[in-house]
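Okay, structure first, notes after.
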Amino acid sequence: MSQSHSLNNQTPLEYSTEDGRLKIFGFWVFLGAEIILFSCLFASYMVYLHRTAGGPTPDDLFNVKEFMTETFLLLTSSFTCGLATHELRRHNKTGVIIWFIITLILGLGFVGMEAHEFVDYVGEGAKMSTSAFLTGFFTLVGTHGCHVSLGILWIIGILIQTARTGINPVTARKLFIVGLYWHFLDVVWVFIFTVVYLTGMVL
Amino acid sequence: MSNIKDFLLNDFFVTGEPMIYMADVSIVLVTIAIFVVLTYFKKWKWLWKEWLTTVDHKKIGIMYILAALAMLFRGGIDALLMRVQLTAPNLKFLDAQHYNEIFTTHGTIMILFMAMPFLIGLINVAMPLQIGARDVAFPYLNAISFWLFFVGAMLFNLSFVIGGSPDAGWTSYTPLAEKALDPGVGENYYLLGLQLAGIGTLASGVNFVVTILKMRAPGMTLMRMPMFTWSTLITSVIIVFAFPVLTVALAMLTIDRLFGGHFFTATAGGMPMMWTNLFWIWGHPEVYIVILPAFGIFSDIISTFAGKKLFGYHVMVYSMVAISVLSFLVWTHHFFTMGSGAAVNSVFGISTMAISVPTGVKIFNWLLTMHRSKIRFTVANLWSLAFIPNFVIGGVTGVMLAVAAADYQYHNSYFLIAHFHNVLIAGTVFACFAGLTYWWPKMFGHVLNERLGKWTFWIFVIGYNVCFLPQYWLGFMGMTRRTYTYPSGLGWMPLNVISTVGGFLMGIGFMIMVYNVYYSARYGKRDTTGDPWNGRTLEWATTSPAAEYNFANVPEVRDQDAFWEMKKSNRVKEWLNQPIKDIHMPNNSGRPIIMAFFFFVAGFGLTFEWIWVGAIGLFGVLITMVLRSFENDTGHHIHKEEVERTEREAGRIS
Amino acid sequence: MKHMKTSIKLIVLSVIFLLLLTGCDVPVLQPQGPVAEQQYHLILWSIFLMLFVIVVVFVLFGVIVFKYRASRKNTDDYDPEKEGSRKLEFTWTIIPIIIVIMLAIPMTITTYDLEKNPSPEKKPYVVNVTSAQWKWLFSYPEDGIESVNVLHVPADRPVKFVMTSEGAMNSFWIPALGGQKYTMNNMTTKLYLEADKPGTYLGKAANFNGKYFAHMNFNVIAQDQKDFNNWVKKVKSTSPKLTMDQYNQLIKPSVVKVKTYSSYPKELDEKMKKNMDMMNMGNSKSKEKDQDKDKDMDMSKDMDMSGMKGDKSHE
C-alpha cells in the first residue's frame, strides 16, 4: 500500500501512485457492472417498444429537433471533457478547469432539455403509468439522465478540489475517473439515440 | 390524533398475533440488555472505535459472520415453524397468511442475508491473508458494503413487527407481487431491503476483483493462488455481471409499485414474464455465487487435512471458470413449465446438464486429492468430507430436474425443495461451518472444541438427511411447495413427520454449535503458533489472530501452497527476521455506518411510500459522499518499532 | 452387462419396497396415461443413470476415506506432492459427457413429443382452464358447460387443455396423468393429457398464487365416453347458467365449493381467443379488475381428499 509518489514523465500523474492505479482499475470494473445495468434497461425497453396499450407511440412523441440538440450537446461535452483530460496530462490547471466548466455547461443544457422533454410528454398525457412502453422509456432515459445529473455534481465537487489544491496525484486521479464516467455516459447516449429515438422514428 | 392511532395500530405495527407480540417484547428486551451491558462495562467507546468504524477486513469479516449467524437463527426458526405446521394435515398452528410470510422470509433471508454474507465474511477474513495483502483494495468501500448489507437485512427483518412481512415467495413472481394483488408494504420491504444489500454486494464484488488482481504478494502468479482465492475471484466476477440485473429488476418492480409503472403488471402492456426472466438471469448465477466459494473452502480444507497437494489444480480452476460461464446460460430451467416450447426447453436442459460435467470433475479431483494421503478427521475436514456424498445426491437430482420433459412432473414439488436444500445445505452451509471451524483460530486466537464440534456435525448431518431425503418422495406423491396445509387421506403425513424430526435435529445441532462458541472462548485451546492445522496457505504464516497489518513483511511466493513450500524449504525463520519497515494502513471512519443509516432512512421511507423521507435519506447519502470526497485521508503509518514489539510479543522474532 | 441388469432389478425392487412402505398413492411413479407414462420412463432412466454415478462416487469415497486415514498402520504410500493426472481427469470429463448425452437424447425426443397429441389417431377433447384466486374454472366448449373445482374428462381419449389465468399466475398439474404447465394472465398455454381408464385423480395447483393457494386441490374424474356424456346431460338439465356477472364475481379472491353450470357466457371463449392472438402482439388492453382482498372467509372446515368421489370438496 505504501508507494512513493514517483513522478516520471512516462507515467501519467493519475497512474503514479498505487492508490491511483487501484482506484482507476476498480472504476473500470464498476463500469463493467454499469454496462450490464444499462443492457438490461435497453433489453426491456426493446421488449416493451410496441406495448403501448393504446397510448402514445414513439412516433407520436419524439421531436427530431429536440433529441438532435440533446445529442449534439452531450457529444460536444464529451469532446470538451476529452480536451480537459488532455490539459490534465500537460498539468495545466487553468486549462483543465476551463474545459471542464464548458463540459458542465453543455451537460446542464442537456439535462435541462431532457427535463423539458419529459415535462412536455407528461403534459401530452404520456405518463409513466400510461403504458408499459412509457414506463420503459422513462426508466431507461431517466436513469441515464440521473447519471448525467450525478456526474454534474461530481465534476463540480472535483473542480473545487482542483482549484484549491492544484493538479496532484489525487486530483489527477479524480479528474481522470470522472472523465471516464462522462465518456461512458456519452457512449450510453449514443445507444439511446440509436435504439430509442432513431428506431422509434423508423418503426 | 385518532387518525394517527388508527394508522399505527392498523397499518404500521403488526398486531393481533401472539408470536409478533413475543417478537416485539424480545426485541425490546434484547435492545435494553445490549444498552445496559455496554453502558455497565463502559464499552461504548470500544464498540465504536474497534468495530463500528473499522475498515480492517478481518473485523469486517467477523461482523459479516456474526450477522449471518443471527440471520441463520431467524431463518432457521422460520423453517422449524413451517415444519411444525406441515407435520400433520389440516394443522392450525399457523394460518395461511402467516405461513406465506414465513416461507417468503425464510427463503430470502437464507439466500441473501445468510449464505452470501457468511461467505463474504469468510472471504473478508481469509482471502487478503491468503494472497499476502495488508487489506482489501478499498477498505473504506468494504466497510460501506458491510453496513449496506447490514441495514438491508435489518430493514427486511423489521417487516416482521412493522407493516407486515412480504408474502409472495422469495422469487416474488409478478403479477402476484404487484400492487394490485399485494397492496401492503411487505413487498416494498423485500424490494428495498434487497436493493440495499445488493448494492453492498456489488461493491464487494468490485473490491475483491481489484484486490485479487492487483494486490497479490510478489511471486504469487494467478496459477499459484490458493483455491479459495480463485473461487473468490470467479465469484466476484459473477457478482459484477449478475447483480446489476437484480438491481434493475428490483428497481423496475419498485417503479411499478410506487410510481404506477407497468413493467410487470397484467394490464397496460406489462409483461409479468419479464420479471421471471430478469429474476432468474440474476438468480441462477446467484446460486453459483453461493456455491463456488464453498468449493474453494472445501478444496483448501481437504488438501490441508490430507496433507497433500490439491489434485489437478489447473483443472480445478478451469472447471470453475466453465461453471461460471454456464451459470449465465441456464436460467430458463427455472420455468420449463411456462410453455417456452420444446426447442428452448431442450437447449436449456442440455446446457443445465452440461454444468454437471465440470462439477463432476471437481468431485473426482477432491476424491483423488485424498488418494495416498494422510486424512485427519478434524471437524473442519468432517464437514468437507460429508459434503462430497451429500452434495452428489443434490447434484444428481439436479441433473434429473434438468431433464425438461421430466421436470414437468417435478416442478414446484417437494422433489425440487429437497434438491435445492440438498445442494445449498451440503454445499454452502457445510462450507460455512467448515470454514468457520477452520479459520476460527485465525479470527479469535483459539480453536473451537473438537468434541462439541463432532456432536454438532453428526446431529446436524443426520438431521439434514432425515429432513430432506423424504421430501423427494413427497414430491413424487404430488406435494407442492408453499402449501400451508394439505388434506388428509393422501398419505403425506408419515414422511412429513419424519422430515419435521430431521428439521429439529438440525436445530439441536446448531444450538450445540452456539454453545461451543461460548465454551471454546472460555476453555478452548489457545493457538500460539498461528498455524494450528499444519496449513498450506499464507493465512497460516501470520499470528492468530492476525495483527492489524497482517504481515510484518510481505512473504515472497515461490510455488502453489506458498506457506507449505516456505516450511518445506526452511525459509520461515529467514522471512520473519527480515528488517521491518513502517507500514502504511488506512484510517478508521465512522462515515460508512452513518451513510448506511441514511440509506436505511431512505429505504424505510420508500417502503411506506413516504417519498419525502426517502428523499431526505438519499440527500443524507449524497452529503456523506461529498464529505468523503473532500476529506484528505491519507491513512496512517504503524511505526516499525511498534511492529517489532508486536511481533516480539507473539514470539515470532527475538 | 450382468452388473447393469442387477442394478436395474435393484432399482425396481427398491421402488416397490418404498411404495409398500408408504402404502399410498405415488402418482408420479404410477402413471395413468400415456403422457405421464413417457415422463415416468424418462424419470426411471435418469434415476438409473444417476444411481450409477452415486454408486461410483460413494464406493470411491468410502474406500479412499477409509484406506487413507492418517491413523493407518502403514503410511509408506503417502505421496504429498502428486500433481494430478491428465489421463484420469480426461476420463472423468468424458464419462459425464457420455452420461449427459445418454440423457439428453431421450429428453429432447420426449420434450418434443409432449407438445403433440399423445394419441394422434383420436380427436382430442378440448377443455378451457382458467385459474383464479383460489379456484379452478373449467369450460367445456364442445358441450357448452362449465365446472368449478372439479374436472371431468372422457377416459381413453386425449384432452387438450387451453389454459389461462385471471390475475396471478398458477400451474395446472395432474400428477397421475402427466406434467404440469403454467397458466398466465393475458396468455394461453396448451397442454395435452390423457387418462387410460376411468378413475379419480388428484389435481394440483403447483405455483403459489396468494393466501389460500393451498385450497386449490381438485378432483379429476375420468369417465368412459358414455358416463361422461351422461354427466354432461345431467349438468345441462340440472345446473344453473353462468352469467358474465356471476363469472366476474367468481374470479374475485375467494375459496368456493365444487360447482357446475349448464352454460357459460360466449365472452369467455372470445376472451380465450383474444389471449391467443395477443400472445404475439402483446398489446393488451384488458381492464383493471378491482381486487378487493378476501373478506374473512370461513376456513374452518377441514379439507379431506380421502373420499375422492364426485362433488365432495373443501370449502
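Chain labels A, B, ... are given in the sequence in which chains occur in the C-alpha cells; within each chain residues are numbered consecutively from 1, and ligands are likewise numbered from 1 in the order shown.
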- Task: Just need the residues of chain A within 6 Å of chain B, counting only C-alpha atoms, so spit them out as a ChimeraX atom specification.
- Result: /A:2,26,33,37,51,53,128-129,131-132,135
- Selection: 8 Å around stretch 60-71 of chain A, only C-alpha atoms, excl. self and same-chain fewer than 5 positions, as a ChimeraX atom specification: /A:109-110,113-114,117,121,189-190,193,197,200-201
- Message: Excluding C:Asn185 and its own-chain neighbours fewer than 4 positions away, which residues fall within 9 Å of it when counting only C-alpha atoms? Please give them as a VMD selection string.
- Response: (chain B and resid 175 266 272) or (chain C and resid 164 to 169 275)
Those same residues, written as a short mmCIF file (atom, residue, chain, number, x, y, z; two decimals), in the first residue's frame with C-alpha atoms?
```cif
data_model
loop_
_atom_site.label_atom_id
_atom_site.label_comp_id
_atom_site.auth_asym_id
_atom_site.auth_seq_id
_atom_site.Cartn_x
_atom_site.Cartn_y
_atom_site.Cartn_z
CA PRO B 175 -48.23 -10.15 -11.13
CA ALA B 266 -51.07 -7.69 -16.13
CA PRO B 272 -45.24 -10.47 -15.82
CA THR C 164 -55.09 -19.00 -18.93
CA SER C 165 -55.31 -17.21 -15.62
CA GLU C 166 -57.23 -14.39 -14.04
CA GLY C 167 -54.74 -12.36 -12.03
CA ALA C 168 -51.85 -14.26 -10.53
CA MET C 169 -50.03 -17.00 -12.37
CA ASN C 275 -55.49 -14.07 -25.40
#
```
- For B:Leu176, list every protein, DNA or RNA residue within 7 Å, evaluated using only C-alpha atoms, and leave out those in the same chain fewer than 6 positions away; present the list as a list in words.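 Once the nearby chain positions are removed, what remains is Ala168 and Asp182 of chain B; Ala168 and Asn209 of chain C.
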- Counting only C-alpha atoms, which residues of chain B come no farther than 7 Å from chain C, as number ranges by chain? B: 90, 96-97, 100, 168, 175-176, 180-181, 266-269, 307-309, 311-312, 337-339, 342, 346, 350, 353, 357, 361, 367, 370-376, 389, 392, 396, 400, 403-406, 408-409, 412, 476-478, 480, 482-491
- Query: C:Arg157: which residues within 12 Å, counting only C-alpha atoms, same-chain residues fewer than 5 positions away excluded, as a list in words?
  - Reply: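 What passes the distance filter is Gly33, Pro34, Val35, Asn117, Pro118, Ser119, Pro120, Glu121, Lys122, Lys123, Pro124, Tyr125, Val126, Tyr192, Leu193, Glu194, Ala195, Asp196, Lys197, Pro198, Ala222, Gln223, Asp224, Gln225 and Phe228 of chain C.
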Kindly export the residues of the current selection with C-alpha atoms, as a compact mmCIF listing (two decimals), in the first residue's frame.
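Here's the written file part01.txt:
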```txt
# COMPACT_ATOMS: atom_id res chain seq x y z
CA GLY C 33 -51.96 -42.16 -19.04
CA PRO C 34 -49.56 -42.02 -21.99
CA VAL C 35 -48.12 -38.59 -21.10
CA ASN C 117 -51.36 -35.07 -29.15
CA PRO C 118 -50.32 -38.28 -27.33
CA SER C 119 -52.80 -40.39 -29.33
CA PRO C 120 -52.86 -38.76 -32.75
CA GLU C 121 -55.40 -41.25 -34.10
CA LYS C 122 -58.03 -39.90 -31.69
CA LYS C 123 -59.54 -36.44 -31.76
CA PRO C 124 -58.73 -34.59 -28.56
CA TYR C 125 -61.48 -33.30 -26.31
CA VAL C 126 -60.93 -29.60 -25.53
CA TYR C 192 -52.19 -32.49 -23.75
CA LEU C 193 -53.05 -35.17 -21.22
CA GLU C 194 -54.86 -38.46 -21.45
CA ALA C 195 -56.30 -40.90 -18.90
CA ASP C 196 -56.03 -44.55 -19.87
CA LYS C 197 -59.04 -45.65 -17.86
CA PRO C 198 -61.80 -44.22 -15.72
CA ALA C 222 -62.09 -39.60 -15.86
CA GLN C 223 -65.13 -41.48 -17.17
CA ASP C 224 -65.71 -43.56 -20.23
CA GLN C 225 -67.39 -41.64 -23.02
CA PHE C 228 -69.09 -38.63 -19.44
```
- Query: So what do you get for atom CA of A:Ala84 versus atom CA of A:Phe191, distance-wise?
  - Reply: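 About the pair atom CA of A:Ala84 and atom CA of A:Phe191: they are 24.1 Å apart.
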- Task: Tell me which protein, DNA and RNA residues are within 9 Å of A:Thr80, counting only C-alpha atoms, leaving out same-chain ones fewer than 6 positions away, and put them as JSON, numbers by chain.
- Result: {"A": [99, 100, 102, 103]}
Shell around C:Lys273 at 12 Å using only C-alpha atoms, local window under 3 positions removed, as a PDB file with all heavy atoms, in the first residue's frame:
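Saved result, result.pdb, follows:
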```
ATOM      1  N   ASN C 128     -61.172 -25.718 -21.647  1.00  0.00           N
ATOM      2  CA  ASN C 128     -60.519 -24.448 -21.343  1.00  0.00           C
ATOM      3  C   ASN C 128     -60.347 -24.326 -19.835  1.00  0.00           C
ATOM      4  O   ASN C 128     -61.310 -24.488 -19.086  1.00  0.00           O
ATOM      5  CB  ASN C 128     -61.360 -23.268 -21.849  1.00  0.00           C
ATOM      6  CG  ASN C 128     -61.351 -23.194 -23.364  1.00  0.00           C
ATOM      7  OD1 ASN C 128     -60.540 -23.843 -24.019  1.00  0.00           O
ATOM      8  ND2 ASN C 128     -62.272 -22.401 -23.910  1.00  0.00           N
ATOM      9  N   VAL C 162     -56.592 -25.809 -22.907  1.00  0.00           N
ATOM     10  CA  VAL C 162     -56.185 -24.467 -23.315  1.00  0.00           C
ATOM     11  C   VAL C 162     -56.318 -23.605 -22.072  1.00  0.00           C
ATOM     12  O   VAL C 162     -57.408 -23.477 -21.517  1.00  0.00           O
ATOM     13  CB  VAL C 162     -57.069 -23.929 -24.454  1.00  0.00           C
ATOM     14  CG1 VAL C 162     -56.598 -22.544 -24.881  1.00  0.00           C
ATOM     15  CG2 VAL C 162     -57.041 -24.887 -25.625  1.00  0.00           C
ATOM     16  N   MET C 163     -55.189 -23.046 -21.608  1.00  0.00           N
ATOM     17  CA  MET C 163     -55.171 -22.532 -20.239  1.00  0.00           C
ATOM     18  C   MET C 163     -54.809 -21.057 -20.163  1.00  0.00           C
ATOM     19  O   MET C 163     -53.997 -20.549 -20.922  1.00  0.00           O
ATOM     20  CB  MET C 163     -54.163 -23.332 -19.428  1.00  0.00           C
ATOM     21  CG  MET C 163     -54.373 -24.834 -19.600  1.00  0.00           C
ATOM     22  SD  MET C 163     -53.485 -25.799 -18.397  1.00  0.00           S
ATOM     23  CE  MET C 163     -51.823 -25.551 -18.933  1.00  0.00           C
ATOM     24  N   THR C 164     -55.436 -20.398 -19.207  1.00  0.00           N
ATOM     25  CA  THR C 164     -55.091 -19.004 -18.929  1.00  0.00           C
ATOM     26  C   THR C 164     -55.351 -18.747 -17.455  1.00  0.00           C
ATOM     27  O   THR C 164     -55.729 -19.655 -16.713  1.00  0.00           O
ATOM     28  CB  THR C 164     -55.893 -18.043 -19.811  1.00  0.00           C
ATOM     29  OG1 THR C 164     -55.383 -16.722 -19.631  1.00  0.00           O
ATOM     30  CG2 THR C 164     -57.370 -18.049 -19.422  1.00  0.00           C
ATOM     31  N   ASN C 186     -53.617 -13.031 -19.518  1.00  0.00           N
ATOM     32  CA  ASN C 186     -53.493 -12.474 -20.879  1.00  0.00           C
ATOM     33  C   ASN C 186     -52.719 -13.370 -21.827  1.00  0.00           C
ATOM     34  O   ASN C 186     -52.247 -12.923 -22.855  1.00  0.00           O
ATOM     35  CB  ASN C 186     -52.795 -11.109 -20.860  1.00  0.00           C
ATOM     36  CG  ASN C 186     -53.682 -10.049 -20.252  1.00  0.00           C
ATOM     37  OD1 ASN C 186     -54.883 -10.219 -20.201  1.00  0.00           O
ATOM     38  ND2 ASN C 186     -53.078  -8.980 -19.778  1.00  0.00           N
ATOM     39  N   MET C 187     -52.524 -14.597 -21.448  1.00  0.00           N
ATOM     40  CA  MET C 187     -51.799 -15.505 -22.329  1.00  0.00           C
ATOM     41  C   MET C 187     -52.516 -16.843 -22.299  1.00  0.00           C
ATOM     42  O   MET C 187     -53.285 -17.132 -21.391  1.00  0.00           O
ATOM     43  CB  MET C 187     -50.387 -15.749 -21.826  1.00  0.00           C
ATOM     44  CG  MET C 187     -49.494 -14.546 -21.872  1.00  0.00           C
ATOM     45  SD  MET C 187     -47.816 -15.144 -21.778  1.00  0.00           S
ATOM     46  CE  MET C 187     -46.954 -13.636 -21.483  1.00  0.00           C
ATOM     47  N   THR C 188     -52.224 -17.678 -23.303  1.00  0.00           N
ATOM     48  CA  THR C 188     -52.729 -19.044 -23.244  1.00  0.00           C
ATOM     49  C   THR C 188     -51.561 -20.003 -23.352  1.00  0.00           C
ATOM     50  O   THR C 188     -50.571 -19.728 -24.027  1.00  0.00           O
ATOM     51  CB  THR C 188     -53.697 -19.355 -24.393  1.00  0.00           C
ATOM     52  OG1 THR C 188     -53.055 -18.984 -25.606  1.00  0.00           O
ATOM     53  CG2 THR C 188     -54.989 -18.621 -24.244  1.00  0.00           C
ATOM     54  N   THR C 189     -51.679 -21.114 -22.655  1.00  0.00           N
ATOM     55  CA  THR C 189     -50.734 -22.208 -22.822  1.00  0.00           C
ATOM     56  C   THR C 189     -51.548 -23.442 -23.158  1.00  0.00           C
ATOM     57  O   THR C 189     -52.736 -23.510 -22.845  1.00  0.00           O
ATOM     58  CB  THR C 189     -49.929 -22.438 -21.537  1.00  0.00           C
ATOM     59  OG1 THR C 189     -50.815 -22.353 -20.425  1.00  0.00           O
ATOM     60  CG2 THR C 189     -48.828 -21.423 -21.383  1.00  0.00           C
ATOM     61  N   LYS C 266     -70.577 -16.580 -23.833  1.00  0.00           N
ATOM     62  CA  LYS C 266     -69.752 -16.653 -25.043  1.00  0.00           C
ATOM     63  C   LYS C 266     -68.488 -15.805 -24.928  1.00  0.00           C
ATOM     64  O   LYS C 266     -67.462 -16.101 -25.507  1.00  0.00           O
ATOM     65  CB  LYS C 266     -70.573 -16.188 -26.252  1.00  0.00           C
ATOM     66  CG  LYS C 266     -71.473 -17.269 -26.816  1.00  0.00           C
ATOM     67  CD  LYS C 266     -70.694 -18.226 -27.682  1.00  0.00           C
ATOM     68  CE  LYS C 266     -70.944 -19.703 -27.500  1.00  0.00           C
ATOM     69  NZ  LYS C 266     -71.149 -20.370 -26.279  1.00  0.00           N
ATOM     70  N   GLU C 267     -68.592 -14.729 -24.092  1.00  0.00           N
ATOM     71  CA  GLU C 267     -67.444 -13.822 -23.961  1.00  0.00           C
ATOM     72  C   GLU C 267     -66.183 -14.555 -23.516  1.00  0.00           C
ATOM     73  O   GLU C 267     -65.067 -14.169 -23.861  1.00  0.00           O
ATOM     74  CB  GLU C 267     -67.742 -12.715 -22.936  1.00  0.00           C
ATOM     75  CG  GLU C 267     -68.736 -11.687 -23.400  1.00  0.00           C
ATOM     76  CD  GLU C 267     -70.134 -11.989 -22.892  1.00  0.00           C
ATOM     77  OE1 GLU C 267     -70.568 -13.165 -23.033  1.00  0.00           O
ATOM     78  OE2 GLU C 267     -70.789 -11.095 -22.345  1.00  0.00           O
ATOM     79  N   LEU C 268     -66.381 -15.635 -22.745  1.00  0.00           N
ATOM     80  CA  LEU C 268     -65.208 -16.341 -22.232  1.00  0.00           C
ATOM     81  C   LEU C 268     -64.425 -16.994 -23.359  1.00  0.00           C
ATOM     82  O   LEU C 268     -63.198 -16.973 -23.377  1.00  0.00           O
ATOM     83  CB  LEU C 268     -65.632 -17.389 -21.205  1.00  0.00           C
ATOM     84  CG  LEU C 268     -66.283 -16.815 -19.941  1.00  0.00           C
ATOM     85  CD1 LEU C 268     -66.529 -17.919 -18.937  1.00  0.00           C
ATOM     86  CD2 LEU C 268     -65.423 -15.718 -19.334  1.00  0.00           C
ATOM     87  N   ASP C 269     -65.151 -17.571 -24.325  1.00  0.00           N
ATOM     88  CA  ASP C 269     -64.465 -18.148 -25.475  1.00  0.00           C
ATOM     89  C   ASP C 269     -63.737 -17.068 -26.269  1.00  0.00           C
ATOM     90  O   ASP C 269     -62.605 -17.258 -26.710  1.00  0.00           O
ATOM     91  CB  ASP C 269     -65.468 -18.860 -26.398  1.00  0.00           C
ATOM     92  CG  ASP C 269     -65.815 -20.240 -25.882  1.00  0.00           C
ATOM     93  OD1 ASP C 269     -65.063 -20.715 -25.005  1.00  0.00           O
ATOM     94  OD2 ASP C 269     -66.813 -20.818 -26.326  1.00  0.00           O
ATOM     95  N   GLU C 270     -64.408 -15.935 -26.415  1.00  0.00           N
ATOM     96  CA  GLU C 270     -63.780 -14.841 -27.166  1.00  0.00           C
ATOM     97  C   GLU C 270     -62.530 -14.350 -26.443  1.00  0.00           C
ATOM     98  O   GLU C 270     -61.508 -14.074 -27.058  1.00  0.00           O
ATOM     99  CB  GLU C 270     -64.762 -13.681 -27.325  1.00  0.00           C
ATOM    100  CG  GLU C 270     -65.772 -13.918 -28.439  1.00  0.00           C
ATOM    101  CD  GLU C 270     -67.040 -13.106 -28.247  1.00  0.00           C
ATOM    102  OE1 GLU C 270     -66.961 -12.060 -27.559  1.00  0.00           O
ATOM    103  OE2 GLU C 270     -68.100 -13.538 -28.744  1.00  0.00           O
ATOM    104  N   MET C 276     -55.073 -15.708 -27.123  1.00  0.00           N
ATOM    105  CA  MET C 276     -54.219 -16.459 -28.034  1.00  0.00           C
ATOM    106  C   MET C 276     -53.629 -15.526 -29.079  1.00  0.00           C
ATOM    107  O   MET C 276     -52.458 -15.597 -29.391  1.00  0.00           O
ATOM    108  CB  MET C 276     -55.042 -17.563 -28.693  1.00  0.00           C
ATOM    109  CG  MET C 276     -54.524 -18.933 -28.364  1.00  0.00           C
ATOM    110  SD  MET C 276     -55.444 -20.197 -29.218  1.00  0.00           S
ATOM    111  CE  MET C 276     -56.860 -20.400 -28.193  1.00  0.00           C
ATOM    112  N   ASP C 277     -54.468 -14.619 -29.590  1.00  0.00           N
ATOM    113  CA  ASP C 277     -53.960 -13.658 -30.577  1.00  0.00           C
ATOM    114  C   ASP C 277     -52.928 -12.737 -29.953  1.00  0.00           C
ATOM    115  O   ASP C 277     -51.945 -12.366 -30.566  1.00  0.00           O
ATOM    116  CB  ASP C 277     -55.124 -12.811 -31.133  1.00  0.00           C
ATOM    117  CG  ASP C 277     -56.119 -13.686 -31.846  1.00  0.00           C
ATOM    118  OD1 ASP C 277     -55.730 -14.800 -32.237  1.00  0.00           O
ATOM    119  OD2 ASP C 277     -57.276 -13.254 -31.995  1.00  0.00           O
ATOM    120  N   MET C 278     -53.198 -12.382 -28.716  1.00  0.00           N
ATOM    121  CA  MET C 278     -52.345 -11.399 -28.059  1.00  0.00           C
ATOM    122  C   MET C 278     -50.999 -11.942 -27.683  1.00  0.00           C
ATOM    123  O   MET C 278     -50.080 -11.184 -27.424  1.00  0.00           O
ATOM    124  CB  MET C 278     -53.022 -10.921 -26.783  1.00  0.00           C
ATOM    125  CG  MET C 278     -53.636  -9.570 -26.922  1.00  0.00           C
ATOM    126  SD  MET C 278     -54.419  -9.266 -25.381  1.00  0.00           S
ATOM    127  CE  MET C 278     -56.012  -8.854 -25.904  1.00  0.00           C
ATOM    128  N   MET C 279     -50.892 -13.277 -27.613  1.00  0.00           N
ATOM    129  CA  MET C 279     -49.622 -13.876 -27.225  1.00  0.00           C
ATOM    130  C   MET C 279     -48.475 -13.261 -28.008  1.00  0.00           C
ATOM    131  O   MET C 279     -47.412 -12.995 -27.488  1.00  0.00           O
ATOM    132  CB  MET C 279     -49.648 -15.383 -27.488  1.00  0.00           C
ATOM    133  CG  MET C 279     -50.494 -16.143 -26.519  1.00  0.00           C
ATOM    134  SD  MET C 279     -49.671 -16.426 -24.962  1.00  0.00           S
ATOM    135  CE  MET C 279     -48.439 -17.638 -25.433  1.00  0.00           C
TER     136      MET C 279
END
```
